[in-house]
Amino acid sequence: MFNAVDLLAVIRILIQRLEQFTVKIPPEITYRGVEKSDAIDSLLQEKIAKLERACDHINSCHIAIEKEQDHPRDRSPYRVRLDITVPPNHEVAAESTMSNQNRYVKLDAVIRDAFDKAWRQLRDLSKQQHEFDHGRDNS
């Protein structure tokens, strides 16, 4: 059995580990021509958490969600852009308009597409940084 001191020590360790998976600066979200909703906010929080699992040292995350036109011919009316900074001086930019797709693509699909692009970039960047760090350790 755990005594109170041991339990507190375990809780502190768990809290420290959870804190390393949070964005150091809360994301800045801009809406242009789009109504903010609980559903969009929930989806954004879910996708941000996934980005944090891919890269646990994100410095900033700027998200722009906009409705450009009501009825464009060749793409969704929505545009989602993410600008993310990661130390030391890396910038990741991902954008989705779902061009050459059905023009009635819903906003949540455009958000998912933009975040998937950002996730792949962050995953690759983290892998490169990890390989670089291990290469330095071995020399």
# chains A, B, ... in the order shown; residues from 1 in each chain; ligands from 1
>>> residues_around(residues="range 40-52 of chain A", least_positions_apart="6", cutoff="9 Å", atoms="only C-alpha atoms", output="list of chain:residue names")
A:Phe21, A:Thr22, A:Val23, A:Pro27, A:Ile58, A:Cys61, A:Leu107, A:Asp108, A:Ile111, A:Arg112, A:Phe115, A:Asp116, A:Ala118, A:Trp119, A:Leu122, A:Arg123
>>> residues_around(residues="Glu68 in chain A", least_positions_apart="2", cutoff="8 Å", atoms="only C-alpha atoms", output="PyMOL selection string")
chain A and resi 33+66+70+77-79
>>> write_last_selection(atoms="N, CA, C and O atoms", output="PDB file, in the first residue's frame")
ATOM      1  N   GLY A  33     -15.532  35.581 -40.690  1.00  0.00           N
ATOM      2  CA  GLY A  33     -16.699  35.156 -41.460  1.00  0.00           C
ATOM      3  C   GLY A  33     -17.254  33.811 -41.031  1.00  0.00           C
ATOM      4  O   GLY A  33     -18.073  33.223 -41.725  1.00  0.00           O
ATOM      5  N   GLU A  66     -11.343  30.903 -41.682  1.00  0.00           N
ATOM      6  CA  GLU A  66     -12.108  31.931 -42.391  1.00  0.00           C
ATOM      7  C   GLU A  66     -12.980  31.359 -43.493  1.00  0.00           C
ATOM      8  O   GLU A  66     -12.691  30.298 -44.043  1.00  0.00           O
ATOM      9  N   ASP A  70     -18.877  32.573 -50.454  1.00  0.00           N
ATOM     10  CA  ASP A  70     -20.037  31.732 -50.189  1.00  0.00           C
ATOM     11  C   ASP A  70     -20.136  30.552 -51.151  1.00  0.00           C
ATOM     12  O   ASP A  70     -20.475  29.453 -50.754  1.00  0.00           O
ATOM     13  N   PRO A  77     -15.598  26.805 -49.384  1.00  0.00           N
ATOM     14  CA  PRO A  77     -15.560  28.238 -49.068  1.00  0.00           C
ATOM     15  C   PRO A  77     -14.675  28.539 -47.860  1.00  0.00           C
ATOM     16  O   PRO A  77     -14.400  29.697 -47.562  1.00  0.00           O
ATOM     17  N   TYR A  78     -14.195  27.504 -47.185  1.00  0.00           N
ATOM     18  CA  TYR A  78     -13.426  27.688 -45.956  1.00  0.00           C
ATOM     19  C   TYR A  78     -11.931  27.563 -46.201  1.00  0.00           C
ATOM     20  O   TYR A  78     -11.484  26.820 -47.058  1.00  0.00           O
ATOM     21  N   ARG A  79     -11.195  28.307 -45.387  1.00  0.00           N
ATOM     22  CA  ARG A  79      -9.732  28.242 -45.413  1.00  0.00           C
ATOM     23  C   ARG A  79      -9.270  28.169 -43.962  1.00  0.00           C
ATOM     24  O   ARG A  79      -9.732  28.943 -43.119  1.00  0.00           O
TER      25      ARG A  79
END
>>> select_by_dssp(residues="range 37-69 of chain A", states="strand (DSSP E)", output="PyMOL selection string")
chain A and resi 60-67
>>> closest_residue(among="A:Arg32, A:His57, A:Ala4, A:Leu14", to="Arg81 in chain A", atoms="only C-alpha atoms")
A:Arg32
>>> select_by_dssp(residues="range 45-138 of chain A", states="helix (DSSP H, G or I)", output="ChimeraX atom specification")
/A:45-54,107-138
>>> write_last_selection(atoms="N, CA and C atoms", output="compact mmCIF listing (two decimals), in the first residue's frame")
# COMPACT_ATOMS: atom_id res chain seq x y z
N GLN A 45 -9.53 21.80 -29.93
CA GLN A 45 -8.82 21.33 -28.74
C GLN A 45 -8.33 19.90 -28.92
N GLU A 46 -9.15 19.07 -29.53
CA GLU A 46 -8.77 17.68 -29.80
C GLU A 46 -7.56 17.63 -30.74
N LYS A 47 -7.59 18.44 -31.79
CA LYS A 47 -6.50 18.44 -32.77
C LYS A 47 -5.23 19.08 -32.21
N ILE A 48 -5.37 20.09 -31.36
CA ILE A 48 -4.20 20.70 -30.72
C ILE A 48 -3.52 19.67 -29.82
N ALA A 49 -4.31 18.91 -29.09
CA ALA A 49 -3.74 17.87 -28.22
C ALA A 49 -2.96 16.85 -29.04
N LYS A 50 -3.46 16.51 -30.22
CA LYS A 50 -2.74 15.57 -31.09
C LYS A 50 -1.42 16.17 -31.55
N LEU A 51 -1.41 17.47 -31.87
CA LEU A 51 -0.16 18.13 -32.26
C LEU A 51 0.86 18.08 -31.12
N GLU A 52 0.37 18.29 -29.90
CA GLU A 52 1.26 18.26 -28.73
C GLU A 52 1.86 16.89 -28.50
N ARG A 53 1.13 15.85 -28.87
CA ARG A 53 1.69 14.50 -28.74
C ARG A 53 2.76 14.25 -29.80
N ALA A 54 2.63 14.89 -30.95
CA ALA A 54 3.64 14.74 -32.01
C ALA A 54 4.90 15.54 -31.68
N LEU A 107 -16.73 22.63 -42.87
CA LEU A 107 -15.62 23.27 -42.17
C LEU A 107 -14.81 22.26 -41.36
N ASP A 108 -15.45 21.31 -40.69
CA ASP A 108 -14.70 20.37 -39.88
C ASP A 108 -13.72 19.54 -40.72
N ALA A 109 -14.08 19.22 -41.96
CA ALA A 109 -13.17 18.47 -42.83
C ALA A 109 -11.96 19.33 -43.21
N VAL A 110 -12.16 20.60 -43.42
CA VAL A 110 -11.06 21.50 -43.76
C VAL A 110 -10.13 21.66 -42.55
N ILE A 111 -10.72 21.77 -41.36
CA ILE A 111 -9.92 21.86 -40.13
C ILE A 111 -9.09 20.59 -39.96
N ARG A 112 -9.70 19.43 -40.12
CA ARG A 112 -8.98 18.16 -39.98
C ARG A 112 -7.82 18.06 -40.99
N ASP A 113 -8.07 18.49 -42.21
CA ASP A 113 -7.05 18.43 -43.25
C ASP A 113 -5.85 19.33 -42.90
N ALA A 114 -6.12 20.54 -42.45
CA ALA A 114 -5.04 21.47 -42.08
C ALA A 114 -4.24 20.91 -40.90
N PHE A 115 -4.91 20.39 -39.90
CA PHE A 115 -4.21 19.84 -38.74
C PHE A 115 -3.43 18.58 -39.10
N ASP A 116 -3.96 17.76 -40.01
CA ASP A 116 -3.22 16.57 -40.44
C ASP A 116 -1.92 16.98 -41.13
N LYS A 117 -1.97 18.02 -41.95
CA LYS A 117 -0.76 18.52 -42.61
C LYS A 117 0.25 19.03 -41.58
N ALA A 118 -0.24 19.78 -40.60
CA ALA A 118 0.65 20.29 -39.56
C ALA A 118 1.23 19.15 -38.73
N TRP A 119 0.41 18.15 -38.43
CA TRP A 119 0.88 17.01 -37.64
C TRP A 119 2.01 16.28 -38.35
N ARG A 120 1.87 16.06 -39.65
CA ARG A 120 2.94 15.38 -40.40
C ARG A 120 4.23 16.19 -40.37
N GLN A 121 4.12 17.50 -40.52
CA GLN A 121 5.32 18.35 -40.48
C GLN A 121 5.98 18.32 -39.11
N LEU A 122 5.17 18.40 -38.05
CA LEU A 122 5.72 18.36 -36.69
C LEU A 122 6.35 17.01 -36.38
N ARG A 123 5.70 15.95 -36.81
CA ARG A 123 6.26 14.60 -36.61
C ARG A 123 7.63 14.48 -37.27
N ASP A 124 7.72 14.96 -38.52
CA ASP A 124 9.00 14.89 -39.24
C ASP A 124 10.05 15.77 -38.59
N LEU A 125 9.65 16.96 -38.15
CA LEU A 125 10.59 17.86 -37.48
C LEU A 125 11.08 17.26 -36.17
N SER A 126 10.19 16.68 -35.39
CA SER A 126 10.58 16.06 -34.12
C SER A 126 11.54 14.90 -34.37
N LYS A 127 11.26 14.12 -35.40
CA LYS A 127 12.13 12.99 -35.74
C LYS A 127 13.53 13.51 -36.12
N GLN A 128 13.59 14.57 -36.93
CA GLN A 128 14.89 15.14 -37.32
C GLN A 128 15.64 15.66 -36.11
N GLN A 129 14.94 16.37 -35.22
CA GLN A 129 15.59 16.90 -34.02
C GLN A 129 16.08 15.77 -33.12
N HIS A 130 15.29 14.72 -33.00
CA HIS A 130 15.67 13.57 -32.17
C HIS A 130 16.92 12.90 -32.75
N GLU A 131 16.94 12.71 -34.07
CA GLU A 131 18.11 12.10 -34.71
C GLU A 131 19.34 12.98 -34.56
N PHE A 132 19.16 14.29 -34.68
CA PHE A 132 20.28 15.22 -34.52
C PHE A 132 20.82 15.16 -33.09
N ASP A 133 19.91 15.17 -32.11
CA ASP A 133 20.34 15.09 -30.71
C ASP A 133 21.08 13.79 -30.42
N HIS A 134 20.60 12.67 -30.96
CA HIS A 134 21.27 11.39 -30.74
C HIS A 134 22.63 11.35 -31.45
N GLY A 135 22.70 11.98 -32.60
CA GLY A 135 23.99 12.05 -33.31
C GLY A 135 25.02 12.83 -32.52
N ARG A 136 24.59 13.89 -31.85
CA ARG A 136 25.50 14.68 -31.02
C ARG A 136 25.93 13.91 -29.79
N ASP A 137 25.00 13.14 -29.23
CA ASP A 137 25.33 12.35 -28.03
C ASP A 137 26.37 11.27 -28.33
N ASN A 138 26.34 10.74 -29.54
CA ASN A 138 27.24 9.65 -29.90
C ASN A 138 28.62 10.14 -30.33
>>> atom_distance(atom1="CA of Met98 in chain A", atom2="CA of His62 in chain A")
19.6 Å
>>> atom_distance(atom1="CA of Val86 in chain A", atom2="CA of Lys36 in chain A")
27.0 Å
>>> atom_distance(atom1="CA of Val34 in chain A", atom2="CA of Lys67 in chain A")
6.0 Å
